[in-house]
Amino acid sequence: SRLAAIALFASLGTSWFAEPIRKPAAYVRQLGPGERRAVPKLRSREARLLGEAFEDLRDKLEGRQYVEGYVRTLTHEMKSPIAAIKGAAELLQEDMPPERREHFLSNIDAETVRMQDVIDRLLALSTVENRKTLEAPERLNLSQLVREVIESHDTALENCRLTLETDLPPDLWVRGDAALLEMALSNLLQNAIEFSPPGEAIQIHASSDQSNGLVVTVKDHGPGIPMYALERAFDHFYSLQRPKSGKKSSGLGLCIVREIMELHGGSATLENVADHGALAPVRFP
């Protein structure tokens with residue numbers, strides 16, 4: 001009937017005109033801190049400009065919060081090493097035996113390295129966090145990438161008297177940024193080295209199937225992760241004491257891993273294993 005046709009036309013028209021508003025509204029509701037979501041594709045030029053304006057506003061607000069948050073956390077992290085260096089420098093002005101002088105000089109050197117590590121990792125993290133997408137992803141042999149990361153850690157593995165067991169199929173291909181993926185894998189392996197007791201083995205396994213996609217896991221046989229720390233392991237500046245040194249790291253390594261994997265459309269997690277130790281899988285779509 002004519003009334004039914006008019007009603008149908010009105011319904012379609014309403015849907016057509018409402019879509020440019022509904023999609024940006026849904027986009028804004030779904031945005032969370034640090035989430036990477038593409039601006040929805042919209043038909044009209046005005047609607048596209050609206051979506052781009054939302055994205056621009058979000059970037060500005062997040063940028064302000066990002067700077068404020070990082071200034072606070074960086075200031076907090078720097079207080080301890082600066083105080084240690086200042087205290088050691090004051091004591092070095094006094095007369096003391098050569099072995100004590102050597103001790104305080106060593107402390108200054110260690111705290112300087114710690115501060116440099118925080119700054120370097122923070123710069124790396126900020127570079128990754130501020131990227132929305134990969135600029136020029138390449139087809140990469142992931143197994144070869146893992147082997148190169150292992151080779152770069154040969155000295156650390158030998159110094160810690162650790163062995164490495166690998167299961168890397170020859171043809172595992174992903175599209176991504178080689179430098180970023182090397183950074184992520186390197187952070188995972190370094191973590192495993194720091195938490196592994198001497199004489200133990202670190203296992204790196206890679207596999208690919210239709211249900212799970214491509215997965216690379218790094219497993220150590222250390223003390224595992226306390227339950228209270230599992231949910232916070234990927235938080236900025238959160239770190240546990242290393243068994244060998246009793247000191248904490250910068251607390252940025254796992255943050256970098258997760259950001260890099262999300263940039264590649266994948267994920268990074270951490271879990272305990274039944275026979276003691278920790279398992280760190282990174283998954284590609």
# chains A, B, ... in the order shown; residues from 1 in each chain; ligands from 1

call {"tool": "residues_around", "arguments": {"residues": "Ala156 (chain A)", "least_positions_apart": "2", "cutoff": "12 Å", "atoms": "only C-alpha atoms", "output": "mmCIF file with N, CA, C and O atoms, in the first residue's frame"}}
result
data_model
loop_
_atom_site.group_PDB
_atom_site.id
_atom_site.type_symbol
_atom_site.label_atom_id
_atom_site.label_comp_id
_atom_site.auth_asym_id
_atom_site.auth_seq_id
_atom_site.Cartn_x
_atom_site.Cartn_y
_atom_site.Cartn_z
ATOM 1 N N VAL A 149 67.795 -12.444 17.158
ATOM 2 C CA VAL A 149 67.670 -11.955 18.531
ATOM 3 C C VAL A 149 68.454 -12.856 19.480
ATOM 4 O O VAL A 149 69.164 -12.377 20.375
ATOM 5 N N ILE A 150 68.355 -14.168 19.288
ATOM 6 C CA ILE A 150 69.099 -15.118 20.123
ATOM 7 C C ILE A 150 70.603 -14.877 20.000
ATOM 8 O O ILE A 150 71.334 -14.845 21.001
ATOM 9 N N GLU A 151 71.061 -14.683 18.782
ATOM 10 C CA GLU A 151 72.496 -14.448 18.541
ATOM 11 C C GLU A 151 72.980 -13.205 19.275
ATOM 12 O O GLU A 151 74.091 -13.183 19.809
ATOM 13 N N SER A 152 72.144 -12.181 19.327
ATOM 14 C CA SER A 152 72.554 -10.937 19.993
ATOM 15 C C SER A 152 72.619 -11.099 21.512
ATOM 16 O O SER A 152 73.169 -10.242 22.203
ATOM 17 N N HIS A 153 72.023 -12.194 22.042
ATOM 18 C CA HIS A 153 72.042 -12.438 23.488
ATOM 19 C C HIS A 153 72.973 -13.580 23.871
ATOM 20 O O HIS A 153 72.930 -14.059 25.013
ATOM 21 N N ASP A 154 73.807 -14.027 22.944
ATOM 22 C CA ASP A 154 74.719 -15.150 23.219
ATOM 23 C C ASP A 154 75.593 -14.901 24.449
ATOM 24 O O ASP A 154 75.755 -15.775 25.310
ATOM 25 N N GLU A 158 75.618 -16.963 28.015
ATOM 26 C CA GLU A 158 76.835 -17.648 28.474
ATOM 27 C C GLU A 158 77.240 -17.160 29.858
ATOM 28 O O GLU A 158 77.603 -17.953 30.728
ATOM 29 N N ASN A 159 77.185 -15.836 30.067
ATOM 30 C CA ASN A 159 77.566 -15.270 31.370
ATOM 31 C C ASN A 159 76.662 -15.777 32.492
ATOM 32 O O ASN A 159 77.109 -15.929 33.635
ATOM 33 N N CYS A 160 75.400 -16.024 32.169
ATOM 34 C CA CYS A 160 74.448 -16.504 33.185
ATOM 35 C C CYS A 160 74.365 -18.021 33.224
ATOM 36 O O CYS A 160 73.531 -18.588 33.946
ATOM 37 N N ARG A 161 75.205 -18.694 32.436
ATOM 38 C CA ARG A 161 75.267 -20.153 32.371
ATOM 39 C C ARG A 161 73.887 -20.747 32.064
ATOM 40 O O ARG A 161 73.397 -21.647 32.743
ATOM 41 N N LEU A 162 73.279 -20.202 31.021
ATOM 42 C CA LEU A 162 71.965 -20.671 30.583
ATOM 43 C C LEU A 162 72.067 -21.314 29.212
ATOM 44 O O LEU A 162 72.882 -20.898 28.387
ATOM 45 N N THR A 163 71.245 -22.311 28.980
ATOM 46 C CA THR A 163 71.170 -22.919 27.661
ATOM 47 C C THR A 163 69.851 -22.519 27.002
ATOM 48 O O THR A 163 68.916 -22.071 27.670
ATOM 49 N N LEU A 164 69.792 -22.703 25.699
ATOM 50 C CA LEU A 164 68.607 -22.309 24.945
ATOM 51 C C LEU A 164 68.110 -23.487 24.126
ATOM 52 O O LEU A 164 68.882 -24.136 23.419
ATOM 53 N N SER A 186 63.437 -9.291 21.831
ATOM 54 C CA SER A 186 64.621 -9.084 22.659
ATOM 55 C C SER A 186 64.235 -8.820 24.108
ATOM 56 O O SER A 186 64.862 -9.337 25.038
ATOM 57 N N LEU A 189 63.189 -12.154 25.703
ATOM 58 C CA LEU A 189 64.328 -13.025 25.997
ATOM 59 C C LEU A 189 65.150 -12.472 27.160
ATOM 60 O O LEU A 189 65.595 -13.231 28.030
ATOM 61 N N GLN A 190 65.340 -11.154 27.196
ATOM 62 C CA GLN A 190 66.095 -10.539 28.294
ATOM 63 C C GLN A 190 65.398 -10.783 29.628
ATOM 64 O O GLN A 190 66.048 -11.076 30.640
ATOM 65 N N ASN A 191 64.071 -10.686 29.637
ATOM 66 C CA ASN A 191 63.303 -10.978 30.850
ATOM 67 C C ASN A 191 63.548 -12.413 31.317
ATOM 68 O O ASN A 191 63.748 -12.676 32.501
ATOM 69 N N ALA A 192 63.493 -13.341 30.365
ATOM 70 C CA ALA A 192 63.696 -14.751 30.701
ATOM 71 C C ALA A 192 65.098 -14.983 31.262
ATOM 72 O O ALA A 192 65.279 -15.759 32.208
ATOM 73 N N ILE A 193 66.086 -14.317 30.690
ATOM 74 C CA ILE A 193 67.469 -14.451 31.172
ATOM 75 C C ILE A 193 67.584 -13.949 32.609
ATOM 76 O O ILE A 193 68.207 -14.584 33.467
ATOM 77 N N GLU A 194 66.967 -12.812 32.889
ATOM 78 C CA GLU A 194 67.091 -12.198 34.220
ATOM 79 C C GLU A 194 66.399 -13.017 35.311
ATOM 80 O O GLU A 194 66.794 -12.955 36.473
ATOM 81 N N SER A 196 65.947 -16.457 35.133
ATOM 82 C CA SER A 196 66.322 -17.877 35.082
ATOM 83 C C SER A 196 67.504 -18.177 35.997
ATOM 84 O O SER A 196 68.523 -17.479 35.935
ATOM 85 N N PRO A 198 70.921 -20.061 37.171
ATOM 86 C CA PRO A 198 72.039 -20.633 36.406
ATOM 87 C C PRO A 198 71.852 -22.133 36.186
ATOM 88 O O PRO A 198 71.350 -22.840 37.057
#

call {"tool": "residues_around", "arguments": {"residues": "region 146-148 of chain A", "least_positions_apart": "3", "cutoff": "10 Å", "atoms": "only C-alpha atoms", "output": "VMD selection string"}}
result
chain A and resid 141 to 143 151 to 153 166 168 181 to 182 185 to 186 189 204 to 206 216

call {"tool": "residues_around", "arguments": {"residues": "Gly213 (chain A)", "least_positions_apart": "2", "cutoff": "8 Å", "atoms": "only C-alpha atoms", "output": "PyMOL selection string"}}
result
chain A and resi 208-211+215+283-285

call {"tool": "residues_around", "arguments": {"residues": "Val113 (chain A)", "least_positions_apart": "3", "cutoff": "12 Å", "atoms": "only C-alpha atoms", "output": "PyMOL selection string"}}
result
chain A and resi 78+81-82+85+106-110+116-120+249-250

call {"tool": "atom_distance", "arguments": {"atom1": "CA of His264 (chain A)", "atom2": "CA of Phe234 (chain A)"}}
result
17.1 Å
